[in-house]
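final.tsv (TSV, N, CA and C atoms) appears below.
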```tsv
chain	number	residue	atom	x	y	z
A	1	GLN	N	-4.22	20.40	-3.21
A	1	GLN	CA	-4.11	19.71	-1.93
A	1	GLN	C	-4.02	18.21	-2.17
A	2	VAL	N	-2.92	17.62	-1.72
A	2	VAL	CA	-2.72	16.19	-1.90
A	2	VAL	C	-3.67	15.41	-0.98
A	3	GLN	N	-4.34	14.44	-1.55
A	3	GLN	CA	-5.22	13.59	-0.76
A	3	GLN	C	-5.04	12.14	-1.18
A	4	LEU	N	-4.88	11.26	-0.20
A	4	LEU	CA	-4.77	9.83	-0.44
A	4	LEU	C	-5.80	9.14	0.44
A	5	VAL	N	-6.67	8.35	-0.18
A	5	VAL	CA	-7.74	7.70	0.57
A	5	VAL	C	-7.66	6.20	0.33
A	6	GLU	N	-7.33	5.46	1.41
A	6	GLU	CA	-7.24	4.01	1.32
A	6	GLU	C	-8.60	3.38	1.58
A	7	SER	N	-8.81	2.22	0.99
A	7	SER	CA	-10.02	1.44	1.24
A	7	SER	C	-9.71	-0.03	0.98
A	8	GLY	N	-10.63	-0.90	1.44
A	8	GLY	CA	-10.49	-2.32	1.16
A	8	GLY	C	-10.02	-3.17	2.31
A	9	GLY	N	-9.68	-2.55	3.42
A	9	GLY	CA	-9.24	-3.32	4.58
A	9	GLY	C	-10.40	-4.06	5.22
A	10	GLY	N	-10.07	-4.92	6.17
A	10	GLY	CA	-11.10	-5.66	6.87
A	10	GLY	C	-10.55	-6.88	7.56
A	11	LEU	N	-11.46	-7.77	7.95
A	11	LEU	CA	-11.11	-9.01	8.63
A	11	LEU	C	-11.15	-10.16	7.63
A	12	VAL	N	-10.10	-10.95	7.61
A	12	VAL	CA	-10.02	-12.08	6.69
A	12	VAL	C	-9.36	-13.25	7.41
A	13	GLN	N	-9.73	-14.45	7.00
A	13	GLN	CA	-9.14	-15.65	7.61
A	13	GLN	C	-7.75	-15.91	7.04
A	14	PRO	N	-6.90	-16.59	7.79
A	14	PRO	CA	-5.59	-16.98	7.24
A	14	PRO	C	-5.75	-17.74	5.94
A	15	GLY	N	-4.90	-17.41	4.97
A	15	GLY	CA	-4.98	-18.00	3.64
A	15	GLY	C	-5.87	-17.25	2.68
A	16	GLY	N	-6.61	-16.28	3.19
A	16	GLY	CA	-7.52	-15.52	2.36
A	16	GLY	C	-6.83	-14.38	1.62
A	17	SER	N	-7.66	-13.59	0.93
A	17	SER	CA	-7.16	-12.49	0.10
A	17	SER	C	-7.93	-11.21	0.39
A	18	LEU	N	-7.25	-10.10	0.16
A	18	LEU	CA	-7.86	-8.78	0.20
A	18	LEU	C	-7.20	-7.93	-0.87
A	19	ARG	N	-7.94	-6.95	-1.35
A	19	ARG	CA	-7.38	-5.98	-2.29
A	19	ARG	C	-7.58	-4.58	-1.72
A	20	LEU	N	-6.48	-3.91	-1.47
A	20	LEU	CA	-6.53	-2.53	-1.01
A	20	LEU	C	-6.44	-1.58	-2.19
A	21	SER	N	-7.12	-0.45	-2.04
A	21	SER	CA	-7.05	0.61	-3.05
A	21	SER	C	-6.65	1.91	-2.37
A	22	CYS	N	-5.96	2.75	-3.12
A	22	CYS	CA	-5.60	4.09	-2.65
A	22	CYS	C	-5.91	5.06	-3.77
A	23	ALA	N	-6.94	5.86	-3.55
A	23	ALA	CA	-7.35	6.86	-4.53
A	23	ALA	C	-6.63	8.16	-4.24
A	24	ALA	N	-5.95	8.70	-5.25
A	24	ALA	CA	-5.13	9.90	-5.08
A	24	ALA	C	-5.73	11.08	-5.81
A	25	SER	N	-5.51	12.27	-5.27
A	25	SER	CA	-5.95	13.50	-5.93
A	25	SER	C	-5.07	14.65	-5.47
A	26	GLY	N	-5.07	15.71	-6.28
A	26	GLY	CA	-4.36	16.93	-5.89
A	26	GLY	C	-2.92	17.01	-6.37
A	27	PHE	N	-2.48	16.03	-7.18
A	27	PHE	CA	-1.12	16.09	-7.70
A	27	PHE	C	-1.05	15.28	-9.00
A	28	GLN	N	0.07	15.41	-9.71
A	28	GLN	CA	0.26	14.72	-10.98
A	28	GLN	C	0.63	13.27	-10.68
A	29	PHE	N	-0.37	12.43	-10.61
A	29	PHE	CA	-0.21	11.07	-10.10
A	29	PHE	C	0.87	10.28	-10.82
A	30	ASP	N	0.91	10.37	-12.13
A	30	ASP	CA	1.84	9.50	-12.87
A	30	ASP	C	3.29	9.92	-12.72
A	31	PHE	N	3.55	11.07	-12.10
A	31	PHE	CA	4.93	11.49	-11.83
A	31	PHE	C	5.45	10.89	-10.52
A	32	TYR	N	4.54	10.44	-9.67
A	32	TYR	CA	4.89	10.08	-8.31
A	32	TYR	C	5.14	8.58	-8.17
A	33	HIS	N	6.12	8.27	-7.31
A	33	HIS	CA	6.26	6.90	-6.84
A	33	HIS	C	5.18	6.69	-5.77
A	34	MET	N	4.58	5.51	-5.80
A	34	MET	CA	3.53	5.17	-4.83
A	34	MET	C	3.95	3.94	-4.05
A	35	GLY	N	3.54	3.90	-2.79
A	35	GLY	CA	3.93	2.75	-1.97
A	35	GLY	C	2.88	2.40	-0.94
A	36	TRP	N	2.97	1.17	-0.49
A	36	TRP	CA	2.17	0.69	0.64
A	36	TRP	C	3.13	0.34	1.77
A	37	TYR	N	2.79	0.81	2.95
A	37	TYR	CA	3.53	0.52	4.16
A	37	TYR	C	2.55	0.00	5.19
A	38	ARG	N	3.07	-0.65	6.22
A	38	ARG	CA	2.19	-1.13	7.27
A	38	ARG	C	2.85	-0.97	8.63
A	39	GLN	N	1.99	-0.88	9.62
A	39	GLN	CA	2.48	-0.75	10.99
A	39	GLN	C	1.60	-1.59	11.90
A	40	ALA	N	2.22	-2.56	12.55
A	40	ALA	CA	1.55	-3.40	13.53
A	40	ALA	C	1.76	-2.80	14.92
A	41	PRO	N	0.88	-3.11	15.86
A	41	PRO	CA	1.03	-2.57	17.22
A	41	PRO	C	2.40	-2.88	17.82
A	42	GLY	N	3.06	-1.86	18.32
A	42	GLY	CA	4.35	-2.03	18.96
A	42	GLY	C	5.52	-2.20	18.01
A	43	LYS	N	5.26	-2.07	16.71
A	43	LYS	CA	6.33	-2.24	15.72
A	43	LYS	C	6.49	-0.98	14.88
A	44	GLN	N	7.65	-0.88	14.22
A	44	GLN	CA	7.89	0.25	13.34
A	44	GLN	C	7.15	0.07	12.02
A	45	ARG	N	6.86	1.18	11.39
A	45	ARG	CA	6.26	1.13	10.06
A	45	ARG	C	7.27	0.53	9.08
A	46	GLU	N	6.79	-0.36	8.22
A	46	GLU	CA	7.69	-1.03	7.29
A	46	GLU	C	7.14	-0.99	5.87
A	47	LEU	N	8.06	-1.08	4.92
A	47	LEU	CA	7.68	-1.14	3.52
A	47	LEU	C	7.00	-2.46	3.22
A	48	VAL	N	5.88	-2.36	2.50
A	48	VAL	CA	5.23	-3.55	1.96
A	48	VAL	C	5.56	-3.68	0.48
A	49	ALA	N	5.28	-2.62	-0.28
A	49	ALA	CA	5.55	-2.64	-1.71
A	49	ALA	C	5.54	-1.21	-2.23
A	50	ARG	N	6.25	-0.98	-3.33
A	50	ARG	CA	6.24	0.33	-3.95
A	50	ARG	C	6.34	0.16	-5.45
A	51	ILE	N	5.89	1.21	-6.15
A	51	ILE	CA	5.85	1.17	-7.60
A	51	ILE	C	6.17	2.56	-8.11
A	52	THR	N	7.05	2.62	-9.13
A	52	THR	CA	7.40	3.90	-9.71
A	52	THR	C	6.32	4.36	-10.69
A	53	GLY	N	6.46	5.57	-11.15
A	53	GLY	CA	5.53	6.06	-12.15
A	53	GLY	C	5.54	5.23	-13.42
A	54	GLY	N	6.71	4.63	-13.72
A	54	GLY	CA	6.84	3.80	-14.91
A	54	GLY	C	6.45	2.36	-14.71
A	55	GLY	N	6.13	1.99	-13.46
A	55	GLY	CA	5.63	0.64	-13.19
A	55	GLY	C	6.63	-0.34	-12.61
A	56	SER	N	7.84	0.10	-12.31
A	56	SER	CA	8.81	-0.80	-11.65
A	56	SER	C	8.39	-1.01	-10.21
A	57	THR	N	8.56	-2.25	-9.74
A	57	THR	CA	8.06	-2.60	-8.40
A	57	THR	C	9.17	-3.11	-7.49
A	58	ASP	N	8.88	-3.02	-6.20
A	58	ASP	CA	9.81	-3.47	-5.16
A	58	ASP	C	8.95	-3.92	-3.99
A	59	TYR	N	9.36	-5.03	-3.33
A	59	TYR	CA	8.57	-5.60	-2.25
A	59	TYR	C	9.40	-5.85	-1.00
A	60	GLY	N	8.73	-5.76	0.15
A	60	GLY	CA	9.36	-6.20	1.37
A	60	GLY	C	9.54	-7.71	1.35
A	61	ASP	N	10.58	-8.20	2.01
A	61	ASP	CA	10.90	-9.63	1.95
A	61	ASP	C	9.75	-10.50	2.46
A	62	SER	N	9.01	-10.02	3.45
A	62	SER	CA	7.98	-10.85	4.08
A	62	SER	C	6.75	-11.03	3.20
A	63	VAL	N	6.61	-10.26	2.14
A	63	VAL	CA	5.40	-10.35	1.31
A	63	VAL	C	5.70	-10.79	-0.12
A	64	LYS	N	6.97	-10.95	-0.45
A	64	LYS	CA	7.32	-11.35	-1.82
A	64	LYS	C	6.65	-12.66	-2.19
A	65	GLY	N	6.04	-12.69	-3.37
A	65	GLY	CA	5.37	-13.88	-3.85
A	65	GLY	C	3.93	-14.00	-3.39
A	66	ARG	N	3.51	-13.15	-2.47
A	66	ARG	CA	2.13	-13.19	-1.97
A	66	ARG	C	1.35	-11.92	-2.30
A	67	PHE	N	2.02	-10.78	-2.31
A	67	PHE	CA	1.37	-9.50	-2.55
A	67	PHE	C	1.79	-8.96	-3.91
A	68	THR	N	0.89	-8.21	-4.54
A	68	THR	CA	1.17	-7.58	-5.82
A	68	THR	C	0.70	-6.14	-5.80
A	69	ILE	N	1.60	-5.23	-6.12
A	69	ILE	CA	1.23	-3.81	-6.22
A	69	ILE	C	1.03	-3.47	-7.69
A	70	SER	N	0.05	-2.61	-7.95
A	70	SER	CA	-0.19	-2.15	-9.32
A	70	SER	C	-0.77	-0.75	-9.25
A	71	ARG	N	-0.79	-0.09	-10.39
A	71	ARG	CA	-1.35	1.26	-10.43
A	71	ARG	C	-2.10	1.45	-11.73
A	72	ASP	N	-3.11	2.30	-11.67
A	72	ASP	CA	-3.88	2.70	-12.84
A	72	ASP	C	-3.77	4.22	-12.92
A	73	ASN	N	-2.88	4.70	-13.79
A	73	ASN	CA	-2.64	6.14	-13.86
A	73	ASN	C	-3.86	6.89	-14.41
A	74	GLY	N	-4.70	6.20	-15.16
A	74	GLY	CA	-5.93	6.83	-15.66
A	74	GLY	C	-6.95	7.07	-14.57
A	75	LYS	N	-6.88	6.25	-13.51
A	75	LYS	CA	-7.82	6.38	-12.39
A	75	LYS	C	-7.16	6.99	-11.15
A	76	ASN	N	-5.88	7.35	-11.26
A	76	ASN	CA	-5.15	7.91	-10.12
A	76	ASN	C	-5.27	7.01	-8.89
A	77	THR	N	-5.08	5.72	-9.10
A	77	THR	CA	-5.28	4.76	-8.03
A	77	THR	C	-4.14	3.74	-8.03
A	78	VAL	N	-3.72	3.38	-6.83
A	78	VAL	CA	-2.75	2.31	-6.66
A	78	VAL	C	-3.42	1.20	-5.85
A	79	TYR	N	-3.09	-0.04	-6.20
A	79	TYR	CA	-3.72	-1.20	-5.58
A	79	TYR	C	-2.68	-2.08	-4.91
A	80	LEU	N	-3.15	-2.84	-3.93
A	80	LEU	CA	-2.32	-3.87	-3.32
A	80	LEU	C	-3.17	-5.13	-3.22
A	81	GLN	N	-2.86	-6.11	-4.05
A	81	GLN	CA	-3.51	-7.40	-3.98
A	81	GLN	C	-2.75	-8.27	-3.00
A	82	MET	N	-3.44	-8.72	-1.97
A	82	MET	CA	-2.81	-9.51	-0.91
A	82	MET	C	-3.42	-10.90	-0.90
A	83	ASP	N	-2.60	-11.89	-1.18
A	83	ASP	CA	-3.03	-13.29	-1.20
A	83	ASP	C	-2.28	-14.08	-0.14
A	84	SER	N	-2.80	-15.25	0.16
A	84	SER	CA	-2.17	-16.13	1.17
A	84	SER	C	-1.85	-15.37	2.45
A	85	LEU	N	-2.83	-14.64	2.93
A	85	LEU	CA	-2.61	-13.79	4.10
A	85	LEU	C	-2.33	-14.62	5.34
A	86	LYS	N	-1.47	-14.06	6.19
A	86	LYS	CA	-1.06	-14.71	7.43
A	86	LYS	C	-1.42	-13.81	8.62
A	87	PRO	N	-1.56	-14.38	9.80
A	87	PRO	CA	-1.85	-13.53	10.96
A	87	PRO	C	-0.83	-12.41	11.15
A	88	GLU	N	0.42	-12.67	10.79
A	88	GLU	CA	1.46	-11.64	10.95
A	88	GLU	C	1.34	-10.50	9.95
A	89	ASP	N	0.41	-10.60	9.01
A	89	ASP	CA	0.13	-9.49	8.10
A	89	ASP	C	-0.82	-8.48	8.73
A	90	THR	N	-1.34	-8.79	9.90
A	90	THR	CA	-2.25	-7.88	10.59
A	90	THR	C	-1.54	-6.57	10.92
A	91	ALA	N	-2.13	-5.47	10.47
A	91	ALA	CA	-1.51	-4.15	10.66
A	91	ALA	C	-2.45	-3.09	10.09
A	92	VAL	N	-2.09	-1.84	10.33
A	92	VAL	CA	-2.70	-0.73	9.60
A	92	VAL	C	-1.84	-0.51	8.36
A	93	TYR	N	-2.49	-0.48	7.21
A	93	TYR	CA	-1.80	-0.32	5.94
A	93	TYR	C	-1.97	1.12	5.45
A	94	TYR	N	-0.85	1.74	5.11
A	94	TYR	CA	-0.84	3.13	4.68
A	94	TYR	C	-0.35	3.25	3.24
A	95	CYS	N	-0.94	4.18	2.54
A	95	CYS	CA	-0.53	4.52	1.19
A	95	CYS	C	0.37	5.75	1.26
A	96	LYS	N	1.44	5.76	0.47
A	96	LYS	CA	2.35	6.90	0.43
A	96	LYS	C	2.62	7.30	-1.00
A	97	ALA	N	2.67	8.62	-1.21
A	97	ALA	CA	3.07	9.18	-2.50
A	97	ALA	C	4.33	9.99	-2.30
A	98	ASN	N	5.32	9.81	-3.18
A	98	ASN	CA	6.49	10.67	-3.07
A	98	ASN	C	7.07	11.02	-4.43
A	99	PHE	N	7.61	12.25	-4.46
A	99	PHE	CA	8.28	12.78	-5.65
A	99	PHE	C	9.47	13.57	-5.14
A	100	GLY	N	10.66	13.01	-5.28
A	100	GLY	CA	11.82	13.62	-4.66
A	100	GLY	C	11.68	13.60	-3.15
A	101	ILE	N	11.82	14.75	-2.52
A	101	ILE	CA	11.72	14.81	-1.06
A	101	ILE	C	10.29	15.09	-0.60
A	102	VAL	N	9.38	15.28	-1.54
A	102	VAL	CA	8.00	15.56	-1.18
A	102	VAL	C	7.26	14.24	-0.97
A	103	GLU	N	6.60	14.07	0.16
A	103	GLU	CA	5.84	12.86	0.39
A	103	GLU	C	4.56	13.16	1.15
A	104	SER	N	3.57	12.33	0.90
A	104	SER	CA	2.29	12.44	1.58
A	104	SER	C	1.79	11.06	1.94
A	105	TRP	N	1.02	10.98	3.02
A	105	TRP	CA	0.51	9.71	3.53
A	105	TRP	C	-1.01	9.74	3.60
A	106	GLY	N	-1.61	8.58	3.42
A	106	GLY	CA	-3.03	8.42	3.68
A	106	GLY	C	-3.27	8.18	5.16
A	107	GLN	N	-4.56	8.00	5.49
A	107	GLN	CA	-4.94	7.85	6.90
A	107	GLN	C	-4.83	6.42	7.38
A	108	GLY	N	-4.70	5.47	6.47
A	108	GLY	CA	-4.53	4.07	6.82
A	108	GLY	C	-5.81	3.28	6.81
A	109	THR	N	-5.67	1.99	6.58
A	109	THR	CA	-6.81	1.08	6.64
A	109	THR	C	-6.38	-0.18	7.38
A	110	GLN	N	-7.24	-0.66	8.27
A	110	GLN	CA	-6.89	-1.80	9.12
A	110	GLN	C	-7.10	-3.11	8.37
A	111	VAL	N	-6.10	-3.97	8.43
A	111	VAL	CA	-6.20	-5.33	7.93
A	111	VAL	C	-5.96	-6.27	9.11
A	112	THR	N	-6.92	-7.16	9.34
A	112	THR	CA	-6.80	-8.13	10.42
A	112	THR	C	-6.95	-9.53	9.84
A	113	VAL	N	-5.95	-10.36	10.08
A	113	VAL	CA	-5.96	-11.73	9.60
A	113	VAL	C	-6.09	-12.64	10.82
A	114	SER	N	-7.25	-13.27	10.93
A	114	SER	CA	-7.53	-14.08	12.11
A	114	SER	C	-8.63	-15.08	11.81
A	115	SER	N	-8.55	-16.22	12.47
A	115	SER	CA	-9.61	-17.22	12.33
A	115	SER	C	-10.64	-17.04	13.44
```
Have the structure of the file written as structure tokens, please.
Amino acid sequence: QVQLVESGGGLVQPGGSLRLSCAASGFQFDFYHMGWYRQAPGKQRELVARITGGGSTDYGDSVKGRFTISRDNGKNTVYLQMDSLKPEDTAVYYCKANFGIVESWGQGTQVTVSS
């Protein structure tokens, strides 16, 4: 049974940092591409960052240079380091695992950037 559990969200001031974690279980983690997506109220879910099993990365334009995705295949965990946070980064952040057409989502973690 595939399970993805996000953690690390919270309230942070503009310019601050947060590190999200997504702990995975129930599948061969290092075979899967992993990604972070976010959805703000009234908006569509969008790509934040993704990483292949081999470690290649891709970022959404709005977070390039500020966010960093990484993975630890030994711990079955993917991370999202978020720096220089802006109010427009406020959203629910979701972790996704996919292998071919198979995909699974976590339950999401709220990130709020506000003074």
| request: Write out as a PyMOL selection string each polymer residue whose atoms come within 8 Å of Glu88 of chain A, counting only C-alpha atoms; drop sequence neighbours fewer than 2 positions from it. | output: chain A and resi 86+90+113
| Among segment 5-80 of chain A, which residues carry a DSSP assignment of strand (DSSP E), reported as a VMD selection string? | chain A and resid 5 to 7 10 to 12 18 to 25 33 to 39 46 to 51 57 to 59 67 to 72 77 to 80
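Between atom CA of Ala97 of chain A and atom C of Gln81 of chain A the separation is 18.4 Å.
Take the candidates A:Ile69, A:Met34, A:Cys95, A:Met82 and check each one against Cys22 of chain A using only C-alpha atoms; the shortest distance goes to A:Cys95.
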| query | Quick one: of A:Val92, A:Val111, A:Val102, A:Leu85, who's nearest to Gln39 of chain A, counting all atoms listed in the file? | reply | A:Val92
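Distance annotation: of A:Gln13, A:Ser84, A:Thr52, A:Asn76, the residue with the minimal separation from Gly26 of chain A is A:Asn76; atom set is only C-alpha atoms.
Atom N of Ala91 of chain A lies 10.7 Å from atom CA of Arg45 of chain A.
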Polymer residues at most 8 Å from Gln107 of chain A, only N, CA and C atoms, same-chain spacing of 6 or more positions, as a compact mmCIF listing (two decimals) with N, CA and C atoms, in the coordinates of the input:
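Writing done, so here's selection-v4.txt:
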```
# COMPACT_ATOMS: atom_id res chain seq x y z
N GLN A 3 -4.34 14.44 -1.55
CA GLN A 3 -5.22 13.59 -0.76
C GLN A 3 -5.04 12.14 -1.18
N LEU A 4 -4.88 11.26 -0.20
CA LEU A 4 -4.77 9.83 -0.44
C LEU A 4 -5.80 9.14 0.44
N VAL A 5 -6.67 8.35 -0.18
CA VAL A 5 -7.74 7.70 0.57
C VAL A 5 -7.66 6.20 0.33
N GLU A 6 -7.33 5.46 1.41
CA GLU A 6 -7.24 4.01 1.32
C GLU A 6 -8.60 3.38 1.58
N VAL A 92 -2.09 -1.84 10.33
CA VAL A 92 -2.70 -0.73 9.60
C VAL A 92 -1.84 -0.51 8.36
N TYR A 93 -2.49 -0.48 7.21
CA TYR A 93 -1.80 -0.32 5.94
C TYR A 93 -1.97 1.12 5.45
N TYR A 94 -0.85 1.74 5.11
CA TYR A 94 -0.84 3.13 4.68
C TYR A 94 -0.35 3.25 3.24
N CYS A 95 -0.94 4.18 2.54
CA CYS A 95 -0.53 4.52 1.19
C CYS A 95 0.37 5.75 1.26
```
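For the pair atom CA of Ser62 of chain A and atom CA of Ala49 of chain A, the separation is 10.3 Å.
With only N, CA and C atoms as the atoms that count, the minimum distance from His33 of chain A to the choices A:Ser115, A:Asn98, A:Ser70, A:Ser104 is reached by A:Asn98.
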Take the point (6.3, 3.0, -4.9) in the file's coordinates, draw a sphere of radius 7 Å around it, and report as a tab-separated table (two decimals) with N, CA and C atoms, in the coordinates of the input every protein, DNA or RNA residue with an atom inside or on it, counting only N, CA and C atoms.
```
chain	number	residue	atom	x	y	z
A	32	TYR	N	4.54	10.44	-9.67
A	32	TYR	CA	4.89	10.08	-8.31
A	32	TYR	C	5.14	8.58	-8.17
A	33	HIS	N	6.12	8.27	-7.31
A	33	HIS	CA	6.26	6.90	-6.84
A	33	HIS	C	5.18	6.69	-5.77
A	34	MET	N	4.58	5.51	-5.80
A	34	MET	CA	3.53	5.17	-4.83
A	34	MET	C	3.95	3.94	-4.05
A	35	GLY	N	3.54	3.90	-2.79
A	35	GLY	CA	3.93	2.75	-1.97
A	35	GLY	C	2.88	2.40	-0.94
A	36	TRP	N	2.97	1.17	-0.49
A	36	TRP	CA	2.17	0.69	0.64
A	36	TRP	C	3.13	0.34	1.77
A	49	ALA	N	5.28	-2.62	-0.28
A	49	ALA	CA	5.55	-2.64	-1.71
A	49	ALA	C	5.54	-1.21	-2.23
A	50	ARG	N	6.25	-0.98	-3.33
A	50	ARG	CA	6.24	0.33	-3.95
A	50	ARG	C	6.34	0.16	-5.45
A	51	ILE	N	5.89	1.21	-6.15
A	51	ILE	CA	5.85	1.17	-7.60
A	51	ILE	C	6.17	2.56	-8.11
A	52	THR	N	7.05	2.62	-9.13
A	52	THR	CA	7.40	3.90	-9.71
A	52	THR	C	6.32	4.36	-10.69
A	53	GLY	N	6.46	5.57	-11.15
A	53	GLY	CA	5.53	6.06	-12.15
A	53	GLY	C	5.54	5.23	-13.42
A	56	SER	N	7.84	0.10	-12.31
A	56	SER	CA	8.81	-0.80	-11.65
A	56	SER	C	8.39	-1.01	-10.21
A	57	THR	N	8.56	-2.25	-9.74
A	57	THR	CA	8.06	-2.60	-8.40
A	57	THR	C	9.17	-3.11	-7.49
A	58	ASP	N	8.88	-3.02	-6.20
A	58	ASP	CA	9.81	-3.47	-5.16
A	58	ASP	C	8.95	-3.92	-3.99
A	96	LYS	N	1.44	5.76	0.47
A	96	LYS	CA	2.35	6.90	0.43
A	96	LYS	C	2.62	7.30	-1.00
```
| query | Skipping near chain neighbours, those fewer than 4 positions away, what residues fall within 8 Å of Thr77 of chain A using all atoms listed in the file, listed as a PyMOL selection string? | reply | chain A and resi 21-25+29+70-73
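Each of A:Lys75, A:Leu80, A:Gly55, A:Arg38 was checked against Arg19 of chain A using all atoms listed in the file; the smallest atom-to-atom distance is that of A:Leu80.
With only C-alpha atoms as the basis for measurement, A:Leu18 is the residue among A:Leu18, A:Val78, A:Val63, A:Leu47 that approaches Gln110 of chain A most closely.
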